[in-house]
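Chemist: Starting off with a structure, shown below.
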Amino acid sequence: MDGHHRQSTPEPTIVGWAQHLRANATVLDIAAGAGRHALWLAARGHRVTAIDRDTTALRQATLAEPASANVCIVQADLENAPWPLPEELFDAVVVVNYLWRDLLPTLFASVAPGGHLLYETFAVGNERYGRPRNPDFLLRANELQDVTPPEFDVLEFAQGEVGDPPCAVRQRLLAQRTS
Ligand SMILES: C[S@@+](CC[C@H](N)C(=O)[O-])C[C@H]1O[C@@H](n2cnc3c(N)ncnc32)[C@H](O)[C@@H]1O
């Protein structure tokens with residue numbers, strides 16, 4: 001999925017969910033874009049690994065940031081190459097505005113016991129409002145809940161139109177690994 005718009009403020013849900021993170025948590029930011037979540041989390045003392053296929057914007061954004069010492073940038077194609085971090089576990093895995101279904105099991109498997117998966121992206125129905133419209137990049141109804149493995153507790157799940165007036169259809173999941 002391509003990201004053409006570059007936002008700089010973190011999603012409010014990620015800001016809210018960050019309260020669940022322990023101090024100095026290790027966080028994996030998937031398809032991190034220009035790093036709006038990676039840098040926000042790093043500035044709060046978390047140690048972030050930020051992956052993207054194109055790390056140009058991420059490198060540029062971290063240049064001026066005092067917190068950039070907390071960000072490890074990994075350039076990797078998540079759809080056409082082997083998983084770049086085999087065996088590595090994180091206190092949290094964060095995914096915003098990105099969907100590649102084949103990757104979902106790997107994302108859950110990368111969460112350490114006690115850790116969290118924070119996932120938020122567009123869902124079916126979004127095509128009424130704008131991009132993405134391709135069903136490959138739109139979550140199906142309940143999809144994130146349905147793919148959550150049994151060793152996770154679903155702490156929060158929501159889906160539906162967002163904005164007033166509505167401007168997108170999104171789905172989000174906060175899940176914690178119990179074992
Ligand atoms: C819409 S942006 C979201 C960026 C960030 N998560 C955010 O919320 O600001 C989608 C990101 O996915 C990245 N991406 C797309 N295909 C990818 C792939 N095959 N491997 C790694 N990253 C990819 C793009 O480079 C882009 O930065």
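Chain identifiers are assigned as A, B, and so on, following the order in which chains appear in the structure tokens; residues are numbered from 1 within each chain, and ligands are numbered from 1 in order of appearance.
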Under the rule of at most 10 Å, produce a per-residue listing of chain A near ligand 1: chain, number, name, the closest pair of atoms, and the distance in Å, as a Markdown table, using only C-alpha atoms and all ligand atoms.

Modeler:
```
| residue | atom | partner | partner_atom_place_in_ligand_line | distance |
| --- | --- | --- | --- | --- |
| A:Met1 | CA | ligand 1 | 15 (C) | 4.6 |
| A:Asp2 | CA | ligand 1 | 15 (C) | 4.9 |
| A:Gly3 | CA | ligand 1 | 1 (C) | 3.5 |
| A:His4 | CA | ligand 1 | 1 (C) | 6.5 |
| A:His5 | CA | ligand 1 | 1 (C) | 6.8 |
| A:Arg6 | CA | ligand 1 | 9 (O) | 6.4 |
| A:Gln7 | CA | ligand 1 | 9 (O) | 5.7 |
| A:Ser8 | CA | ligand 1 | 9 (O) | 7.1 |
| A:Thr9 | CA | ligand 1 | 9 (O) | 8.2 |
| A:Pro10 | CA | ligand 1 | 9 (O) | 7.4 |
| A:Glu11 | CA | ligand 1 | 8 (O) | 7.5 |
| A:Ile14 | CA | ligand 1 | 8 (O) | 9.9 |
| A:Asp29 | CA | ligand 1 | 6 (N) | 7.3 |
| A:Ile30 | CA | ligand 1 | 6 (N) | 6.5 |
| A:Ala31 | CA | ligand 1 | 12 (O) | 4.1 |
| A:Ala32 | CA | ligand 1 | 6 (N) | 4.2 |
| A:Gly33 | CA | ligand 1 | 27 (O) | 3.2 |
| A:Ala34 | CA | ligand 1 | 9 (O) | 6.1 |
| A:Gly35 | CA | ligand 1 | 9 (O) | 6.3 |
| A:Arg36 | CA | ligand 1 | 9 (O) | 5.6 |
| A:His37 | CA | ligand 1 | 9 (O) | 6.8 |
| A:Ala38 | CA | ligand 1 | 5 (C) | 8.9 |
| A:Ala50 | CA | ligand 1 | 6 (N) | 9.4 |
| A:Ile51 | CA | ligand 1 | 21 (C) | 6.6 |
| A:Asp52 | CA | ligand 1 | 22 (N) | 3.9 |
| A:Arg53 | CA | ligand 1 | 21 (C) | 3.7 |
| A:Asp54 | CA | ligand 1 | 25 (O) | 5.0 |
| A:Thr55 | CA | ligand 1 | 25 (O) | 7.4 |
| A:Thr56 | CA | ligand 1 | 25 (O) | 9.2 |
| A:Ala57 | CA | ligand 1 | 27 (O) | 8.2 |
| A:Leu58 | CA | ligand 1 | 27 (O) | 8.6 |
| A:Val74 | CA | ligand 1 | 21 (C) | 9.6 |
| A:Gln75 | CA | ligand 1 | 21 (C) | 7.6 |
| A:Ala76 | CA | ligand 1 | 21 (C) | 5.7 |
| A:Asp77 | CA | ligand 1 | 20 (N) | 3.6 |
| A:Leu78 | CA | ligand 1 | 20 (N) | 3.8 |
| A:Glu79 | CA | ligand 1 | 19 (N) | 4.4 |
| A:Asn80 | CA | ligand 1 | 19 (N) | 6.5 |
| A:Ala81 | CA | ligand 1 | 19 (N) | 8.5 |
| A:Val94 | CA | ligand 1 | 6 (N) | 8.3 |
| A:Val95 | CA | ligand 1 | 6 (N) | 6.0 |
| A:Val96 | CA | ligand 1 | 6 (N) | 4.4 |
| A:Asn97 | CA | ligand 1 | 3 (C) | 4.8 |
| A:Tyr98 | CA | ligand 1 | 10 (C) | 5.2 |
| A:Leu99 | CA | ligand 1 | 12 (O) | 8.3 |
| A:Trp100 | CA | ligand 1 | 19 (N) | 8.1 |
| A:Tyr119 | CA | ligand 1 | 6 (N) | 10.0 |
| A:Glu120 | CA | ligand 1 | 8 (O) | 8.8 |
| A:Thr121 | CA | ligand 1 | 8 (O) | 8.5 |
| A:Phe122 | CA | ligand 1 | 1 (C) | 10.0 |
| A:Arg131 | CA | ligand 1 | 1 (C) | 9.9 |
| A:Pro132 | CA | ligand 1 | 1 (C) | 9.1 |
```

Chemist: How about saving the chosen residues, N, CA and C atoms kept, as a short mmCIF file (atom, residue, chain, number, x, y, z; two decimals), in the first residue's frame?

Modeler:
```
data_model
loop_
_atom_site.label_atom_id
_atom_site.label_comp_id
_atom_site.auth_asym_id
_atom_site.auth_seq_id
_atom_site.Cartn_x
_atom_site.Cartn_y
_atom_site.Cartn_z
N MET A 1 0.84 -1.19 0.00
CA MET A 1 0.00 0.00 0.00
C MET A 1 0.88 1.24 0.00
N ASP A 2 0.56 2.16 -0.86
CA ASP A 2 1.38 3.34 -0.97
C ASP A 2 0.90 4.43 -0.04
N GLY A 3 1.82 5.19 0.50
CA GLY A 3 1.43 6.31 1.34
C GLY A 3 1.83 7.58 0.65
N HIS A 4 0.83 8.30 0.19
CA HIS A 4 1.16 9.52 -0.54
C HIS A 4 1.10 10.75 0.35
N HIS A 5 0.24 10.68 1.39
CA HIS A 5 0.19 11.85 2.24
C HIS A 5 1.06 11.57 3.47
N ARG A 6 1.83 12.57 3.85
CA ARG A 6 2.73 12.44 4.99
C ARG A 6 2.19 13.27 6.13
N GLN A 7 1.74 12.60 7.18
CA GLN A 7 1.23 13.32 8.33
C GLN A 7 2.33 13.40 9.37
N SER A 8 2.27 14.43 10.22
CA SER A 8 3.34 14.54 11.20
C SER A 8 2.85 14.33 12.63
N THR A 9 1.53 14.44 12.86
CA THR A 9 1.06 14.21 14.23
C THR A 9 0.61 12.77 14.38
N PRO A 10 0.88 12.17 15.55
CA PRO A 10 0.49 10.76 15.73
C PRO A 10 -1.03 10.61 15.81
N GLU A 11 -1.52 9.45 15.45
CA GLU A 11 -2.94 9.16 15.60
C GLU A 11 -3.31 9.23 17.09
N ILE A 14 -3.07 6.00 19.05
CA ILE A 14 -1.73 5.54 19.42
C ILE A 14 -1.27 6.29 20.67
N ASP A 29 7.67 -0.32 14.83
CA ASP A 29 6.73 0.47 14.04
C ASP A 29 6.80 -0.02 12.60
N ILE A 30 5.72 -0.64 12.16
CA ILE A 30 5.67 -1.27 10.84
C ILE A 30 5.20 -0.27 9.79
N ALA A 31 5.93 -0.22 8.66
CA ALA A 31 5.60 0.74 7.59
C ALA A 31 5.51 2.14 8.20
N ALA A 32 6.61 2.55 8.78
CA ALA A 32 6.64 3.73 9.66
C ALA A 32 6.49 5.06 8.93
N GLY A 33 6.61 5.07 7.62
CA GLY A 33 6.43 6.31 6.86
C GLY A 33 7.47 7.35 7.25
N ALA A 34 7.00 8.55 7.55
CA ALA A 34 7.93 9.63 7.94
C ALA A 34 8.20 9.60 9.43
N GLY A 35 7.68 8.61 10.13
CA GLY A 35 8.07 8.39 11.52
C GLY A 35 7.25 9.14 12.55
N ARG A 36 6.02 9.51 12.20
CA ARG A 36 5.25 10.31 13.19
C ARG A 36 5.02 9.54 14.48
N HIS A 37 4.84 8.21 14.39
CA HIS A 37 4.66 7.44 15.63
C HIS A 37 6.00 7.06 16.24
N ALA A 38 6.94 6.67 15.40
CA ALA A 38 8.27 6.29 15.89
C ALA A 38 8.90 7.43 16.69
N ALA A 50 11.97 1.15 13.50
CA ALA A 50 11.02 1.63 12.50
C ALA A 50 11.38 1.04 11.14
N ILE A 51 10.43 0.30 10.58
CA ILE A 51 10.67 -0.36 9.28
C ILE A 51 9.86 0.32 8.20
N ASP A 52 10.48 0.50 7.05
CA ASP A 52 9.74 0.93 5.87
C ASP A 52 10.55 0.53 4.63
N ARG A 53 9.83 0.40 3.52
CA ARG A 53 10.49 0.08 2.24
C ARG A 53 11.31 1.28 1.77
N ASP A 54 10.77 2.47 2.03
CA ASP A 54 11.46 3.69 1.64
C ASP A 54 11.71 4.50 2.91
N THR A 55 12.96 4.58 3.32
CA THR A 55 13.28 5.21 4.59
C THR A 55 13.77 6.66 4.43
N THR A 56 13.61 7.20 3.23
CA THR A 56 14.10 8.56 2.98
C THR A 56 13.45 9.58 3.93
N ALA A 57 12.12 9.55 3.99
CA ALA A 57 11.40 10.53 4.84
C ALA A 57 11.72 10.30 6.31
N LEU A 58 11.85 9.03 6.66
CA LEU A 58 12.15 8.68 8.05
C LEU A 58 13.53 9.21 8.46
N VAL A 74 15.12 0.55 9.88
CA VAL A 74 15.37 -0.66 9.09
C VAL A 74 14.69 -0.49 7.73
N GLN A 75 15.48 -0.53 6.67
CA GLN A 75 14.91 -0.46 5.33
C GLN A 75 14.62 -1.90 4.88
N ALA A 76 13.36 -2.18 4.61
CA ALA A 76 13.00 -3.55 4.20
C ALA A 76 11.69 -3.53 3.43
N ASP A 77 11.60 -4.40 2.44
CA ASP A 77 10.34 -4.59 1.72
C ASP A 77 9.58 -5.71 2.42
N LEU A 78 8.49 -5.35 3.05
CA LEU A 78 7.75 -6.30 3.89
C LEU A 78 6.88 -7.25 3.08
N GLU A 79 6.79 -7.00 1.77
CA GLU A 79 5.90 -7.83 0.95
C GLU A 79 6.64 -8.74 -0.01
N ASN A 80 7.90 -8.45 -0.27
CA ASN A 80 8.63 -9.21 -1.30
C ASN A 80 9.99 -9.70 -0.83
N ALA A 81 10.20 -9.70 0.46
CA ALA A 81 11.51 -10.14 0.98
C ALA A 81 11.27 -10.83 2.31
N VAL A 94 3.40 -1.71 16.45
CA VAL A 94 2.47 -0.65 16.06
C VAL A 94 2.32 -0.66 14.54
N VAL A 95 1.09 -0.67 14.07
CA VAL A 95 0.83 -0.59 12.63
C VAL A 95 -0.28 0.42 12.40
N VAL A 96 0.01 1.44 11.60
CA VAL A 96 -1.01 2.44 11.28
C VAL A 96 -1.02 2.68 9.76
N ASN A 97 -2.19 2.57 9.20
CA ASN A 97 -2.41 2.87 7.77
C ASN A 97 -1.55 2.01 6.86
N TYR A 98 -1.53 0.75 7.14
CA TYR A 98 -0.80 -0.21 6.29
C TYR A 98 -1.44 -1.57 6.47
N LEU A 99 -1.58 -2.31 5.36
CA LEU A 99 -2.13 -3.66 5.45
C LEU A 99 -1.47 -4.56 4.41
N TRP A 100 -0.88 -5.63 4.91
CA TRP A 100 -0.39 -6.70 4.03
C TRP A 100 -0.72 -7.99 4.77
N TYR A 119 -3.00 -1.86 16.29
CA TYR A 119 -3.20 -1.87 14.84
C TYR A 119 -4.38 -0.97 14.49
N GLU A 120 -4.18 -0.05 13.56
CA GLU A 120 -5.28 0.80 13.10
C GLU A 120 -5.10 1.11 11.63
N THR A 121 -6.13 0.79 10.83
CA THR A 121 -6.05 1.17 9.42
C THR A 121 -7.46 1.22 8.82
N PHE A 122 -7.52 1.44 7.52
CA PHE A 122 -8.79 1.62 6.83
C PHE A 122 -9.51 0.28 6.65
N ARG A 131 -9.30 7.18 -0.78
CA ARG A 131 -8.30 6.13 -0.81
C ARG A 131 -7.94 5.70 0.61
N PRO A 132 -7.52 4.43 0.80
CA PRO A 132 -7.47 3.39 -0.22
C PRO A 132 -8.85 2.84 -0.54
#
```

Chemist: For A:Arg177, list every protein, DNA or RNA residue within 7 Å, evaluated using only C-alpha atoms, and leave out those in the same chain fewer than 4 positions away; present the list as a list in words.

Modeler: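 Once the nearby chain positions are removed, what remains is Val111, Pro113, Gly114, Gly115, His116, Glu151, Phe152 and Asp153 of chain A.
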
Chemist: Using only C-alpha atoms, which of the listed residues (A:Arg140, A:Val71, A:Leu118, A:Arg133) sits closest to A:Arg172?

Modeler: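 Of A:Arg140, A:Val71, A:Leu118, A:Arg133, the one nearest A:Arg172 is A:Leu118, counting only C-alpha atoms.
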
Chemist: Excluding A:Ala69 and its own-chain neighbours fewer than 5 positions away, which residues fall within 10 Å of it when counting only C-alpha atoms? Please give them as an mmCIF file with N, CA, C and O atoms, in the first residue's frame.

Modeler:
```
data_model
loop_
_atom_site.group_PDB
_atom_site.id
_atom_site.type_symbol
_atom_site.label_atom_id
_atom_site.label_comp_id
_atom_site.auth_asym_id
_atom_site.auth_seq_id
_atom_site.Cartn_x
_atom_site.Cartn_y
_atom_site.Cartn_z
ATOM 1 N N LEU A 39 8.834 8.641 16.137
ATOM 2 C CA LEU A 39 9.477 9.775 16.808
ATOM 3 C C LEU A 39 8.723 10.195 18.062
ATOM 4 O O LEU A 39 9.328 10.557 19.068
ATOM 5 N N ALA A 42 9.629 7.597 20.620
ATOM 6 C CA ALA A 42 11.039 7.738 21.009
ATOM 7 C C ALA A 42 11.227 8.930 21.945
ATOM 8 O O ALA A 42 12.014 8.879 22.897
ATOM 9 N N ALA A 43 10.487 9.994 21.686
ATOM 10 C CA ALA A 43 10.597 11.186 22.535
ATOM 11 C C ALA A 43 10.104 10.911 23.949
ATOM 12 O O ALA A 43 10.417 11.659 24.877
ATOM 13 N N GLY A 45 10.840 8.133 25.469
ATOM 14 C CA GLY A 45 11.810 7.232 26.074
ATOM 15 C C GLY A 45 11.745 5.798 25.591
ATOM 16 O O GLY A 45 12.524 4.953 26.034
ATOM 17 N N ARG A 47 12.206 2.652 22.964
ATOM 18 C CA ARG A 47 13.251 2.300 21.996
ATOM 19 C C ARG A 47 12.579 1.698 20.765
ATOM 20 O O ARG A 47 12.033 0.603 20.821
ATOM 21 N N VAL A 48 12.589 2.460 19.686
ATOM 22 C CA VAL A 48 11.754 2.135 18.535
ATOM 23 C C VAL A 48 12.580 1.592 17.370
ATOM 24 O O VAL A 48 13.611 2.162 17.008
ATOM 25 N N THR A 62 14.246 12.185 11.278
ATOM 26 C CA THR A 62 14.997 11.921 12.507
ATOM 27 C C THR A 62 16.218 12.834 12.647
ATOM 28 O O THR A 62 16.728 13.020 13.750
ATOM 29 N N LEU A 63 16.658 13.417 11.521
ATOM 30 C CA LEU A 63 17.883 14.233 11.550
ATOM 31 C C LEU A 63 17.827 15.319 12.617
ATOM 32 O O LEU A 63 18.778 15.518 13.373
#
```

Chemist: Excluding A:Asp91 and residues on its chain fewer than 5 positions from it, collect all residues at most 6 Å away from it, counting only C-alpha atoms, and give them as an NGL selection string.

Modeler: :A and (25-27 or 112 or 115)

Chemist: Just to be explicit: take each residue in the selection above, keep C-alpha atoms, and write the result as a PDB file, in the first residue's frame.

Modeler:
```pdb
ATOM      1  CA  ALA A  25       9.589  -0.255  26.039  1.00  0.00           C
ATOM      2  CA  THR A  26      10.855  -1.770  22.814  1.00  0.00           C
ATOM      3  CA  VAL A  27       8.457  -0.853  20.004  1.00  0.00           C
ATOM      4  CA  ALA A 112       6.728 -10.486  23.577  1.00  0.00           C
ATOM      5  CA  GLY A 115       3.317  -7.039  25.177  1.00  0.00           C
TER       6      GLY A 115
END
```

Chemist: Once DSSP has gone over the backbone, tell me which residues of stretch 4-179 of chain A are in alpha helix (DSSP H), as an MDAnalysis selection string.

Modeler: chainID A and resid 12:17 36:43 56:63 104:109 143:146

Chemist: Just the number, please: distance in Å from atom CA of A:Ser179 to atom CA of A:Leu144, one decimal.

Modeler: 19.2 Å

Chemist: Using only C-alpha atoms, which residue out of A:Thr49, A:Thr13, A:Leu41, A:Ser110 lies closest to A:Gln171?

Modeler: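 Closest residue, counting only C-alpha atoms: A:Thr13.
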
Chemist: Quick check, in Å to one decimal: how far apart do atom CA of A:Leu174 and atom CA of A:Leu117 lie?

Modeler: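 Interatomic distance, atom CA of A:Leu174 to atom CA of A:Leu117: 5.8 Å.
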
Chemist: If you measure from atom CA of A:Glu156 to atom CA of A:Gly130, what distance in Å do you get, rounded to one decimal?

Modeler: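 Those two atoms sit 25.8 Å apart.
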